[in-house]
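*Asks:* Pasting a structure here, questions to come.
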Amino acid sequence: MMRFLFPRRTSSLVPNYIIVLLLVIFAIGPLVILVFNSLKTPADAGRNLIGFPREIILSNYPRAWVVGQFGKTLPNTLILVAGTVVATLILSGMAAYSIAKLNLPGSGILTMYMLISSSLPIQLFLVPLFFLWRKLGLVNNLLGLIIIYVATNAPFSIFLLRSYMIQIPSDFEDAARVDGAGEWDVFQRVVVPLAWPAFLTVGLVVGLSVWNEYLLATVFLTKQELFTVVTSYYNFSTAYGGRDWGLTSAGAVMMIFPLVVLFLLMQRRFIEGLTQGGLKG
Amino acid sequence: MNLMRRFVIVLVVATLLLASCAPSSTQAPASQQTGGTTESGQTSEKKPTITLWLDSGGDATQLQCMIDNIVGNFNKKGNSFTVEAQPLANSWDATRTAITGGGGPDIVITPGPSFAYEMAKAGQLLALDQYAQEFGWDKQFLPWALSLGKVDGKLYSIPHEIETLVLYYNKTVFEQHGWKPPKTIDEYLKLVEDIKAAGLIPNAAGNSDWKPADEHYWSIFVNHMAGPQKVYDALTGKIPWTDPDFEKAIDTMNQLFMNGDFMGSLDRYYTTKSTEFLTALGDGKAAMAPSGTWWMGTIGNYFGEKANNSNDWDWVPFPTTDGSPLFTLGIGSTYSINAATKYPKESAQFLTYYFSPEAQSISITQCGIAPAPINLTTQQLKGIDPRRARLIEELSKAAANGQYGYTTWTFWPPKSDVYIYDEIEKVWAKQVTVQDYLKGLNDLFQEELKAGNIPPIPERK
Amino acid sequence: MGTLIKKDLSSPTRPKITKQFFYRKVIPVLFVLPILLIHMTVVLGPSISSIYFSLTEWNGIGPAKFIGLANFQKITTDRQYIHAFQNNLIWLLFFLTIPIAMALIAASLIAPLKKGGLFFRAILFIPYILPSVITASIWKDLLHIDIGLGGVAARLGMPFLNIAYFGRTDTALLAAAFVDNWHWWGFLMVLFLTAMQSVPQELYDAAKIDGANRWNEFIHVTLPGIRPTLVFMLLMTGIWSFLAFDYVWITTQGGPAGASELLSILVFKNAFQRFNAGYAAAIGLTMSFFAGIIIGIFQILRKRGWEI
């Protein structure tokens with residue numbers, strides 16, 4: 001039977017599938033349970049948090065949407081994510097290109113600086129930073145927070161982009177330079193398309209880190225109309241958690257669902273970028 | 001292309017001009033406004049706004065009720081300014097960071113007098129004596145409570161929410177087993193054994209959502225076993241914390257925790273949220289819950305039809321060694337005015353309203369918030385649960401008779417307070433002995449006492 | 001003199017040199033400058049002022065009092081600090097082994113799959129995209145005593161698994177690390193997979209001709225092929241493990257009895273709860289020092305010619 005289903009060439013991959021499937025259950029099982037809990041009545045959830053709902057109720061969702069104020073907080077989060085990702089890709093991409101391809105003088109010192117600074121705990125510079133931002137009028141300002149996010153995400157972005165760009169053969173750029181292209185054109189027209197998968201990975205990582213960021217968002221955005229999805233969810237889950245389980249689970253599912261869908265869509269482009277990156281061809 | 005670029009430049013310049021004009025154009029009506037508030041109905045006018053940040057971590061309906069019915073009411077009165085209440089998660093951390101940076105809300109709420117004390121010392125709060133006189137606060141508040149807000153003789157903060165620690169119990173379960181609410185510590189300890197023998201959890205408790213909950217139990221056992229006089233003597237530096245009476249009290253508490261008499265076992269205690277332990281009490285899985293009166297307004301939700309059980313609750317003062325009633329007092333939060341505010345007088349005006357019998361009556365009866373230390377008539381408490389009314393009545397009687405003790409979060413200096421709940425878990429984990437624990441506390445406390453960081457302790461009669 | 005230089009500049013050879021200088025030195029700097037300025041404003045400036053605060057006694061609110069190196073002296077005898085440091089080492093060991101191993105195994109199992117490879121990669125990545133607040137609260141409930149997975153295990157005849165994982169001094173730290181890893185390893189896996197897929201197929205074909213089995217292939221082709229990514233991620237894991245905060249804070253807040261306290265938790269508690277902002281700054285600096293050691297190792301490897 002197995003032989004029939006899996007021809008000889010792939011039959012050695014059956015253990016692969018089994019182990020990977022177990023890992024899939026490990027990764028996704030908790031989320032399935034979360035969805036189940038979002039359909040339970042509070043009493044049902046309090047009795048068992050694992051397993052199917054005894055009766056399915058959908059009313060947790062509209063309630064969570066209203067109580068969690070998602071309609072007000074979603075635009076703020078989207079502005080923060082878009083602003084940070086675009087600025088990071090451009091600015092960190094430029095820096096990575098300079099380090100990887102342009103023999104930047106003092107690039108060793110810069111690498112060192114970025115590595116050390118990425119090891120600083122946020123709490124260490126939080127209060128002085130707040131003081132400065134307050135002076136500059138950047139508190140309670142989405143742009144002010146975007147600048148902070150661009151900075152805190154810079155080391156990772158630069159390193160990842162750089163280590164990808166190093167692998168790109170210089171022939172492409174040299175060809176463009178011979179054709180008379182300036183460095184900006186080389187970066188924009190040659191390196192960015194070739195390093196596209198790395199840019200996509202960085203965009204994904206940075207975008208998610210901004211979407212999920214909690215500490216800085218609470219400190220720098222104190223006005224309710226500027227709350228992000230995460231900060232307002234935290235408010236809402238501390239107020240209802242442990243009691244109205246269906247409600248907080250429904251809120252969580254609503255936060256996760258668009259993320260997962262968006263990710264799966266971006267994932268497809270990510271894979272396309274890899275196969276069309278021109279590195280293998 | 002060129003045209004487009006020019007258009008953009010014009011647009012940017014125009015925006016900048018508008019932005020720089022904006023403050024002056026809003027200033028004009030604001031200054032006119034001080035002359036008279038007759039035009040307050042007009043929408044074109046911009047009133048000054050004063051802000052306060054409320055913590056959204058607690059009960060959401062209480063918070064909304066306060067915003068709608070107290071702040072909302074105040075704004076409807078046609079004042080020359082509006083008050084904006086912003087709900088905030090971890091509002092205290094945000095407040096501290098903001099104020100250190102020179103900003104923050106106009107009205108500063110802190111988690112207790114010792115926090116307000118630190119800020120006052122750092123010059124971040126406004127001295128309120130002028131307004132206390134102008135608005136008659138000395139008559140409005142109970143004198144002992146107002147004295148808690150004084151630093152070097154000046155008033156910097158107003159206490160809000162008088163709290164005390166009581167013993168809640170599941171009345172239905174008690175009746176079923178023929179148990180009587182305990183009066184003395186010995187009765188209480190005996191009852192704990194009986195409840196365990198009946199297969200129930202003696203004390204519902206947990207600190208998963210509020211780690212400092214450890215100090216609630218600490219405050220209870222130290223005050224109710226060693227007695228408030230001893231605690232007062234230690235707080236004023238007359239006796240050390242290594243006194244054998246304190247050791248005995250802590251030992252008794254530790255035995256209960258290590259035996260699992262709180263929530264079944266230590267690991268359960270550490271992973272149980274307050275909503276969960278109240279549910280356990282309501283459902284009759286646990287028989288008692290020594291805890292704060294901050295649950296009085298909402299504990300009813302865990303009993304009866306609302307909670308799918310047929311149980312009822314009641315409370316007694318937590319037992320004492322000799323059986324006389326004792327209320328260990330605390331202040332839930334304090335209200336102050338930011339030293340950097342542009343509107344000190346307006347802020348004081350709102351505080352006067354907020355602590356007025358009118359607003360406090362709404363706060364207690366409609367929102368279920370614990371009472372502020374002000375004089376209220378029975379008329380103003382009409383319609384509240386009789387068990388809450390009894391508490392307010394007994395509490396003011398006890399306070400007048402000197403039958404009160406001291407909660408750690410109100411009367412201990414900040415570092416000692418943190419030590420109390422942080423390090424006690426190491427004693428429970430058998431990493432530190434009770435003697436070493438108390439010695440460490442005493443060293444830290446004497447250091448803070450010497451530095452003058454102790455909030456004012458009301459004298460005993 | 002001045003006129004001479006002017007003359008030189010106008011001669012045909014000179015501009016070429018300055019132009020070359022412009023290309024070699026100025027342009028690379030211009031590419032780096034914007035992000036560098038932003039980063040210095042946000043991180044470097046405020047961090048330097050924190051170095052000052054580490055030399056002070058400061059309650060986080062009022063003025064700071066200069067006390068020299070007293071905070072660093074205190075660190076050497078602080079039991080809490082030493083305990084937290086040990087926990088950080090356990091954390092480091094955990095994250096240098098378990099997630100890396102899981103990610104390597106999964107990536108090398110998925111890489112050869114003709115069908116479903118892309119699907120698995122996407123699915124296994126999903127935990128990484130969840131906010132820490134949600135991940136932690138999901139697992140707090142899954143690991144809840146009685147009503148969580150422990151309760152299920154007890155019903156299946158394994159009552160010893162029904163414990164409050166976040167409430168015991170012997171399990172709290174590992175439970176928090178487990179939750180952090182649940183969201184983390186999938187991300188690592190995708191990075192490794194990406195690297196593995198750029199290893200030329202010819203190398204595998206050549207290995208097959210030499211009669212290599214899958215283990216040999218992994219050791220001799222895959223691992224060297226993904227070495228830059230692997231070493232880079234080991235390095236980043238080393239650095240990040242000293243900064244770990246979110247998951248521990250949300251699940252246990254460092255408790256019970258300090259059993260899951262990490263250095264970052266100590267910084268937070270000292271800065272925001274214990275009125276010891278100066279001491280917190282000092283602890284933060286030592287954390288950076290440990291990360292610096294890891295960076296030093298990285299630099300040595302680079303000097304030895306590793307391309308990372």
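Residues are referred to by chain and number: the chain letter is A, B, ... according to the order shown in the structure tokens, the number counts from 1 in that chain, and ligands are numbered separately from 1 in the order shown.
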Define the interface residues of chain A facing chain B as those within 12 Å, counting only C-alpha atoms, and report them as a PyMOL selection string.
*Replies:* chain A and resi 42-44+46-47+67-68+123+125-137+139-140+214-227+230-245
*Asks:* Can you work out which residues from chain A touch chain C at a cut-off of 7 Å (counting only C-alpha atoms) and hand them back as a VMD selection string?
*Replies:* chain A and resid 16 20 24 27 47 to 50 91 to 92 94 to 95 98 102 104 to 105 115 to 116 119 to 121 123 to 125 128 to 129 148 151 163 208 212 252 256 260 264 267
*Asks:* What are the DSSP alpha helix (DSSP H) residues of region 150-283 of chain C, as a ChimeraX atom specification?
*Replies:* /C:150-155,172-197,201-209,214-217,223-225,227-243,246-251,263-272,277-283
*Asks:* Extract, using only C-alpha atoms, all DNA, RNA and protein residues at most 9 Å from Asn170 (chain B), discarding same-chain residues fewer than 4 positions from it, and format them as a list in words.
*Replies:*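 Here the answer would be Phe174, Glu175, Leu281, Gly282, Asp283, Gly284, Ala286, Ala287, Met288, Ala289, Phe303, Asn311, Asp312, Trp313, Asp314 and Trp315 of chain B.
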*Asks:* With N, CA and C atoms retained, could you export that selection as a PDB file, in the first residue's frame?
*Replies:*
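The resulting file, part02.pdb, is reproduced below:
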```pdb
ATOM      1  N   PHE B 174     -20.552  27.290  54.804  1.00  0.00           N
ATOM      2  CA  PHE B 174     -20.404  27.334  56.259  1.00  0.00           C
ATOM      3  C   PHE B 174     -21.644  26.765  56.939  1.00  0.00           C
ATOM      4  N   GLU B 175     -22.824  27.171  56.459  1.00  0.00           N
ATOM      5  CA  GLU B 175     -24.073  26.674  57.065  1.00  0.00           C
ATOM      6  C   GLU B 175     -24.224  25.176  56.870  1.00  0.00           C
ATOM      7  N   LEU B 281     -14.158  30.384  45.474  1.00  0.00           N
ATOM      8  CA  LEU B 281     -14.915  30.705  46.682  1.00  0.00           C
ATOM      9  C   LEU B 281     -16.408  30.686  46.388  1.00  0.00           C
ATOM     10  N   GLY B 282     -16.794  31.278  45.275  1.00  0.00           N
ATOM     11  CA  GLY B 282     -18.212  31.339  44.915  1.00  0.00           C
ATOM     12  C   GLY B 282     -18.801  29.971  44.664  1.00  0.00           C
ATOM     13  N   ASP B 283     -18.030  29.112  43.981  1.00  0.00           N
ATOM     14  CA  ASP B 283     -18.535  27.776  43.665  1.00  0.00           C
ATOM     15  C   ASP B 283     -18.482  26.834  44.859  1.00  0.00           C
ATOM     16  N   GLY B 284     -17.888  27.267  45.960  1.00  0.00           N
ATOM     17  CA  GLY B 284     -17.843  26.433  47.155  1.00  0.00           C
ATOM     18  C   GLY B 284     -16.715  25.424  47.162  1.00  0.00           C
ATOM     19  N   ALA B 286     -13.698  26.440  47.699  1.00  0.00           N
ATOM     20  CA  ALA B 286     -12.953  26.994  48.829  1.00  0.00           C
ATOM     21  C   ALA B 286     -13.960  27.605  49.789  1.00  0.00           C
ATOM     22  N   ALA B 287     -13.606  27.613  51.093  1.00  0.00           N
ATOM     23  CA  ALA B 287     -14.582  28.081  52.078  1.00  0.00           C
ATOM     24  C   ALA B 287     -14.363  29.526  52.504  1.00  0.00           C
ATOM     25  N   MET B 288     -13.100  29.975  52.540  1.00  0.00           N
ATOM     26  CA  MET B 288     -12.818  31.333  53.012  1.00  0.00           C
ATOM     27  C   MET B 288     -11.851  32.007  52.048  1.00  0.00           C
ATOM     28  N   ALA B 289     -11.780  33.331  52.147  1.00  0.00           N
ATOM     29  CA  ALA B 289     -10.786  34.088  51.394  1.00  0.00           C
ATOM     30  C   ALA B 289     -10.415  35.328  52.181  1.00  0.00           C
ATOM     31  N   PHE B 303     -21.384  34.787  43.008  1.00  0.00           N
ATOM     32  CA  PHE B 303     -22.320  34.022  43.823  1.00  0.00           C
ATOM     33  C   PHE B 303     -23.718  34.072  43.209  1.00  0.00           C
ATOM     34  N   ASN B 311     -24.994  29.755  45.986  1.00  0.00           N
ATOM     35  CA  ASN B 311     -24.300  30.129  47.212  1.00  0.00           C
ATOM     36  C   ASN B 311     -24.427  31.615  47.514  1.00  0.00           C
ATOM     37  N   ASP B 312     -24.105  31.960  48.773  1.00  0.00           N
ATOM     38  CA  ASP B 312     -24.123  33.348  49.188  1.00  0.00           C
ATOM     39  C   ASP B 312     -22.850  33.612  49.982  1.00  0.00           C
ATOM     40  N   TRP B 313     -22.521  34.899  50.121  1.00  0.00           N
ATOM     41  CA  TRP B 313     -21.269  35.253  50.809  1.00  0.00           C
ATOM     42  C   TRP B 313     -21.528  36.181  51.971  1.00  0.00           C
ATOM     43  N   ASP B 314     -20.526  36.277  52.827  1.00  0.00           N
ATOM     44  CA  ASP B 314     -20.539  37.293  53.873  1.00  0.00           C
ATOM     45  C   ASP B 314     -19.095  37.536  54.307  1.00  0.00           C
ATOM     46  N   TRP B 315     -18.900  38.436  55.252  1.00  0.00           N
ATOM     47  CA  TRP B 315     -17.535  38.721  55.709  1.00  0.00           C
ATOM     48  C   TRP B 315     -17.539  38.955  57.205  1.00  0.00           C
TER      49      TRP B 315
END
```
*Asks:* Which residues, written as a list in words, have at least one atom at most 9 Å from Lys415 (chain B), with only C-alpha atoms counted and residues fewer than 6 positions away on the same chain left out?
*Replies:* Leu444, Phe445 and Glu448 of chain B; Gln273, Arg274, Phe275 and Asn276 of chain C
*Asks:* Hey, list the chain C side of the contact with chain B: 9 Å cut-off, only C-alpha atoms, answer as a list in words.
*Replies:*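 Output check: Asn59, Gly60, Ile61, Gly62, Pro63, Lys140, His144, Ile145, Ile163, Ala164, Tyr165, Phe166, Gly167, Arg168, Thr169, Thr251, Thr252, Gln253, Gly255, Pro256, Ala257, Gly258, Phe272, Gln273, Arg274, Phe275 and Asn276 of chain C.
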*Asks:* Taking 5 positions as the minimum chain separation for residues in the same chain, which residues sit within 12 Å of Gln379 (chain B) when counting only C-alpha atoms? Answer as a list of chain:residue names.
*Replies:*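 Skipping anything fewer than 5 positions along the chain leaves B:Pro357, B:Glu358, B:Ser361, B:Thr365, B:Ile384, B:Ala389.
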*Asks:* Could you tell me how far CA of Val166 (chain B) sits from CA of Phe318 (chain B), in Å to one decimal place?
*Replies:*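 For CA of Phe318 (chain B) relative to CA of Val166 (chain B), the distance reads 4.9 Å.
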*Asks:* Name all residues at most 12 Å from Asn75 (chain B) (count only C-alpha atoms; drop same-chain ones fewer than 5 positions away) and give them as a PyMOL selection string.
*Replies:* chain B and resi 40+47-50+67-70+80-85+349-350+353-354
*Asks:* Extract the full set of strand (DSSP E) residues from region 25-99 of chain C according to DSSP on the backbone, and format it as a ChimeraX atom specification.
*Replies:* /C:56-57,65-66
